[in-house]
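Q: For reference, the file my_file.cif (mmCIF, C-alpha atoms and all ligand atoms) is included below:
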data_entry
loop_
_atom_site.label_atom_id
_atom_site.label_comp_id
_atom_site.auth_asym_id
_atom_site.auth_seq_id
_atom_site.Cartn_x
_atom_site.Cartn_y
_atom_site.Cartn_z
CA MET X 6 -22.92 3.62 -1.67
CA SER X 7 -24.16 0.22 -2.83
CA LYS X 8 -23.69 -2.70 -0.46
CA GLU X 9 -22.82 -5.06 -3.28
CA SER X 10 -19.11 -5.46 -3.57
CA LYS X 11 -18.16 -4.94 -7.16
CA SER X 12 -15.91 -7.61 -8.53
CA LEU X 13 -12.40 -6.66 -9.49
CA LYS X 14 -11.61 -6.62 -13.16
CA ALA X 15 -8.34 -7.90 -14.57
CA GLY X 16 -6.59 -5.23 -16.56
CA ILE X 17 -8.52 -2.49 -14.75
CA ASP X 18 -8.29 -3.21 -11.03
CA TYR X 19 -5.29 -5.51 -11.15
CA PRO X 20 -2.83 -6.58 -13.87
CA LYS X 21 -3.78 -9.39 -16.23
CA ASN X 22 -0.35 -10.91 -16.46
CA TRP X 23 3.27 -10.51 -15.44
CA ASP X 24 4.06 -8.25 -18.42
CA GLN X 25 1.27 -5.89 -17.50
CA PHE X 26 2.33 -6.11 -13.90
CA MET X 27 5.86 -4.95 -14.75
CA ASN X 28 4.39 -2.21 -16.87
CA TRP X 29 2.05 -0.90 -14.19
CA PHE X 30 4.40 -1.12 -11.24
CA HIS X 31 7.74 -0.14 -12.69
CA ASP X 32 8.60 2.28 -9.90
CA GLU X 33 7.75 3.33 -6.38
CA GLN X 34 5.51 6.18 -7.47
CA SER X 35 3.29 3.99 -9.63
CA CYS X 36 2.87 1.56 -6.71
CA LEU X 37 1.92 4.43 -4.42
CA SER X 38 -0.61 5.83 -6.88
CA TYR X 39 -2.18 2.40 -7.15
CA LEU X 40 -2.44 2.05 -3.36
CA LYS X 41 -3.86 5.54 -3.15
CA LYS X 42 -6.55 4.68 -5.66
CA LEU X 43 -7.45 1.54 -3.70
CA ARG X 44 -7.49 3.28 -0.38
CA TRP X 45 -9.16 6.52 -1.36
CA PRO X 46 -11.11 5.75 -4.54
CA ASN X 47 -13.22 8.88 -4.14
CA GLY X 48 -10.47 11.13 -2.88
CA PHE X 49 -8.62 11.53 0.39
CA ILE X 50 -10.43 10.86 3.68
CA CYS X 51 -8.59 11.62 6.91
CA PRO X 52 -8.36 8.41 9.00
CA ASN X 53 -8.43 10.53 12.15
CA CYS X 54 -11.26 13.05 11.71
CA PHE X 55 -12.80 11.76 8.44
CA SER X 56 -12.42 15.12 6.80
CA GLU X 57 -12.62 14.91 3.02
CA SER X 58 -10.78 18.14 2.39
CA ALA X 59 -7.75 17.84 0.16
CA PRO X 60 -4.73 17.32 2.44
CA TYR X 61 -1.34 19.00 2.34
CA SER X 62 1.22 16.85 0.58
CA LEU X 63 4.37 16.30 2.59
CA PRO X 64 7.68 14.75 1.56
CA LYS X 65 8.06 10.96 1.62
CA ASN X 66 4.50 10.49 0.40
CA LYS X 67 2.88 11.67 3.57
CA PHE X 68 -0.25 13.75 3.85
CA LYS X 69 -1.35 16.19 6.47
CA CYS X 70 -5.02 16.74 7.19
CA VAL X 71 -6.03 20.41 6.82
CA LYS X 72 -8.57 20.05 9.63
CA CYS X 73 -6.98 18.03 12.44
CA ARG X 74 -3.39 18.38 11.16
CA LYS X 75 -2.64 14.73 11.72
CA GLN X 76 -0.18 13.13 9.32
CA THR X 77 -0.92 9.96 7.47
CA SER X 78 0.37 8.03 4.50
CA VAL X 79 -1.22 5.75 1.99
CA THR X 80 0.53 2.76 3.58
CA ALA X 81 -0.24 3.62 7.23
CA GLY X 82 -2.14 0.80 8.89
CA THR X 83 -1.59 -1.60 5.99
CA ILE X 84 0.90 -4.45 5.67
CA PHE X 85 3.06 -2.02 3.70
CA ASP X 86 3.48 0.26 6.71
CA LYS X 87 7.08 1.18 7.56
CA ILE X 88 8.68 -1.18 5.10
CA ARG X 89 12.24 -0.69 3.98
CA THR X 90 12.09 -2.76 0.81
CA PRO X 91 10.68 -0.96 -2.27
CA LEU X 92 6.93 -1.33 -2.73
CA LYS X 93 7.30 -2.90 -6.15
CA ASN X 94 9.05 -5.85 -4.51
CA TRP X 95 6.11 -6.27 -2.18
CA PHE X 96 3.65 -6.01 -5.03
CA ALA X 97 5.61 -8.60 -6.97
CA ALA X 98 5.64 -10.85 -3.90
CA VAL X 99 1.87 -10.60 -3.57
CA TRP X 100 1.57 -11.39 -7.26
CA TYR X 101 3.88 -14.37 -6.83
CA LEU X 102 1.90 -15.64 -3.82
CA THR X 103 -1.46 -15.38 -5.56
CA ASN X 104 -0.40 -16.74 -8.94
CA GLN X 105 2.07 -19.46 -8.10
CA LYS X 106 0.15 -22.70 -8.31
CA ASN X 107 2.95 -25.08 -7.54
CA GLY X 108 3.72 -23.78 -4.10
CA VAL X 109 5.82 -20.85 -3.08
CA SER X 110 9.27 -20.62 -1.64
CA ALA X 111 11.50 -17.81 -0.55
CA LEU X 112 14.07 -19.00 -3.06
CA GLY X 113 11.58 -18.96 -5.94
CA MET X 114 10.52 -15.49 -4.96
CA GLN X 115 14.08 -14.27 -4.64
CA ARG X 116 14.69 -15.42 -8.23
CA LEU X 117 11.50 -13.90 -9.64
CA LEU X 118 11.99 -10.56 -7.98
CA GLY X 119 15.71 -10.51 -8.56
CA LEU X 120 16.24 -9.80 -4.90
CA GLY X 121 19.81 -9.55 -3.74
CA SER X 122 19.34 -11.49 -0.56
CA TYR X 123 17.48 -14.59 0.43
CA GLN X 124 16.85 -13.01 3.80
CA THR X 125 14.85 -10.16 2.23
CA ALA X 126 12.76 -12.62 0.23
CA TRP X 127 12.14 -14.67 3.34
CA THR X 128 11.14 -11.63 5.40
CA ILE X 129 8.66 -10.43 2.76
CA LEU X 130 7.16 -13.88 2.34
CA HIS X 131 6.84 -14.34 6.07
CA ARG X 132 5.12 -11.02 6.57
CA LEU X 133 2.72 -11.57 3.68
CA ARG X 134 1.82 -15.07 4.79
CA HIS X 135 1.06 -13.67 8.18
CA ALA X 136 -1.18 -11.03 6.66
CA ILE X 137 -2.96 -13.19 4.10
CA TYR X 138 -3.46 -16.55 5.75
ZN ZN X 201 -8.13 14.97 9.99
#
Could you write out this file's structure as structure tokens?
Ligand SMILES: [Zn+2]

A:
Amino acid sequence: MSKESKSLKAGIDYPKNWDQFMNWFHDEQSCLSYLKKLRWPNGFICPNCFSESAPYSLPKNKFKCVKCRKQTSVTAGTIFDKIRTPLKNWFAAVWYLTNQKNGVSALGMQRLLGLGSYQTAWTILHRLRHAIY
């Protein structure tokens, strides 16, 4: 593989605008497929034994390696690991964080995402800030 990191293209690698964002990430499955494409662009690779054989698919979006039989998921080891809030909320929060030029607040995010509780918004924001900055 080339050492040059290819630059991400709006509309191909990430959404161009909020409308496209809503269109791409309208449900949990579309978020998961996106993460899967980012994580395993050339197909599944077992994080444990690096086998490239197609894994068994398990419920709850888990995979089981056919060689070492270890289970993994597309979110394992990422900031999205073991979250209870739907992925699309996290995606929207990342979008909000990276596109909001006038400063971010948990309240602003709660409004944008239509989150029921301020506490949820705050928790997401806190975790993302920790991961990004
Ligand atoms: Zn394995």

Q: I want to know what sits within 8 Å of stretch 90-93 of chain X, based on all atoms listed in the file, with residues of the same chain fewer than 6 positions away left out; could you give that as an MDAnalysis selection string?

A: chainID X and resid 30:33 36:37

Q: Return the single residue from X:Val71, X:Ile17, X:Arg44, X:Asn66 that is closest to ligand ZN 201 (chain X), with distances computed using only C-alpha atoms and all ligand atoms.

A: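 Answer, going by the shortest atom-to-atom distance: X:Val71.
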
Q: For X:Ser38, which residue among X:Leu63, X:Val79, X:Cys51, X:Leu120 is the nearest when counting only C-alpha atoms?

A: X:Val79

Q: Residues contacting ligand ZN 201 (chain X) - anything with an atom at most 7 Å away, using all atoms listed in the file - can you give me those as a CSV table (one decimal) with C-alpha atoms, keeping the file's coordinate frame?

A:
chain,number,residue,atom,x,y,z
X,51,CYS,CA,-8.6,11.6,6.9
X,52,PRO,CA,-8.4,8.4,9.0
X,53,ASN,CA,-8.4,10.5,12.2
X,54,CYS,CA,-11.3,13.0,11.7
X,55,PHE,CA,-12.8,11.8,8.4
X,56,SER,CA,-12.4,15.1,6.8
X,70,CYS,CA,-5.0,16.7,7.2
X,71,VAL,CA,-6.0,20.4,6.8
X,72,LYS,CA,-8.6,20.0,9.6
X,73,CYS,CA,-7.0,18.0,12.4
X,74,ARG,CA,-3.4,18.4,11.2
X,75,LYS,CA,-2.6,14.7,11.7

Q: Restricting the calculation to all atoms listed in the file, which member of X:Tyr101, X:Phe96, X:Trp23, X:Phe68 is positioned closest to X:Tyr39?

A: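 Closest candidate: X:Phe96.
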
Q: One decimal, Å: what's the distance from atom CA of X:Asp24 over to atom CA of X:Asn104, could you say?

A: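 Interatomic distance, atom CA of X:Asp24 to atom CA of X:Asn104: 13.5 Å.
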
Q: Please determine, counting only C-alpha atoms, which residue among X:Trp29, X:Gly108, X:Ala136, X:Asn22 has the shortest atom-to-atom distance to X:Ile84.

A: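 Once distances to X:Ile84 are computed over only C-alpha atoms, the minimum belongs to X:Ala136.
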
Q: Using only C-alpha atoms, which residue out of X:Lys67, X:Ser122, X:Phe26, X:Gly82 lies closest to X:Val99?

A: X:Phe26

Q: Expressed in Å to a single decimal, how great is the separation between atom CA of X:Asp86 and atom CA of X:Arg134?

A: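 Those two atoms sit 15.5 Å apart.
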
Q: Name the closest residue to X:Lys69 among the candidates X:Phe85, X:Tyr19, X:Trp127, X:Phe49; distances are taken between atoms, counting only C-alpha atoms.

A: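 Closest residue, counting only C-alpha atoms: X:Phe49.
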
Q: Take atom CA of X:Gln25 and atom CA of X:Arg116 and report the distance between them in Å, one decimal.

A: 18.9 Å

Q: Taking all listed atoms of stretch 106-115 of chain X, build the axis-aligned box, pad each of the six sides by 3 Å, then write its centre and edge lengths in Å to one decimal as AutoDock Vina command-line options.

A:
--center_x 7.1 --center_y -19.7 --center_z -4.4 --size_x 19.9 --size_y 16.8 --size_z 13.8
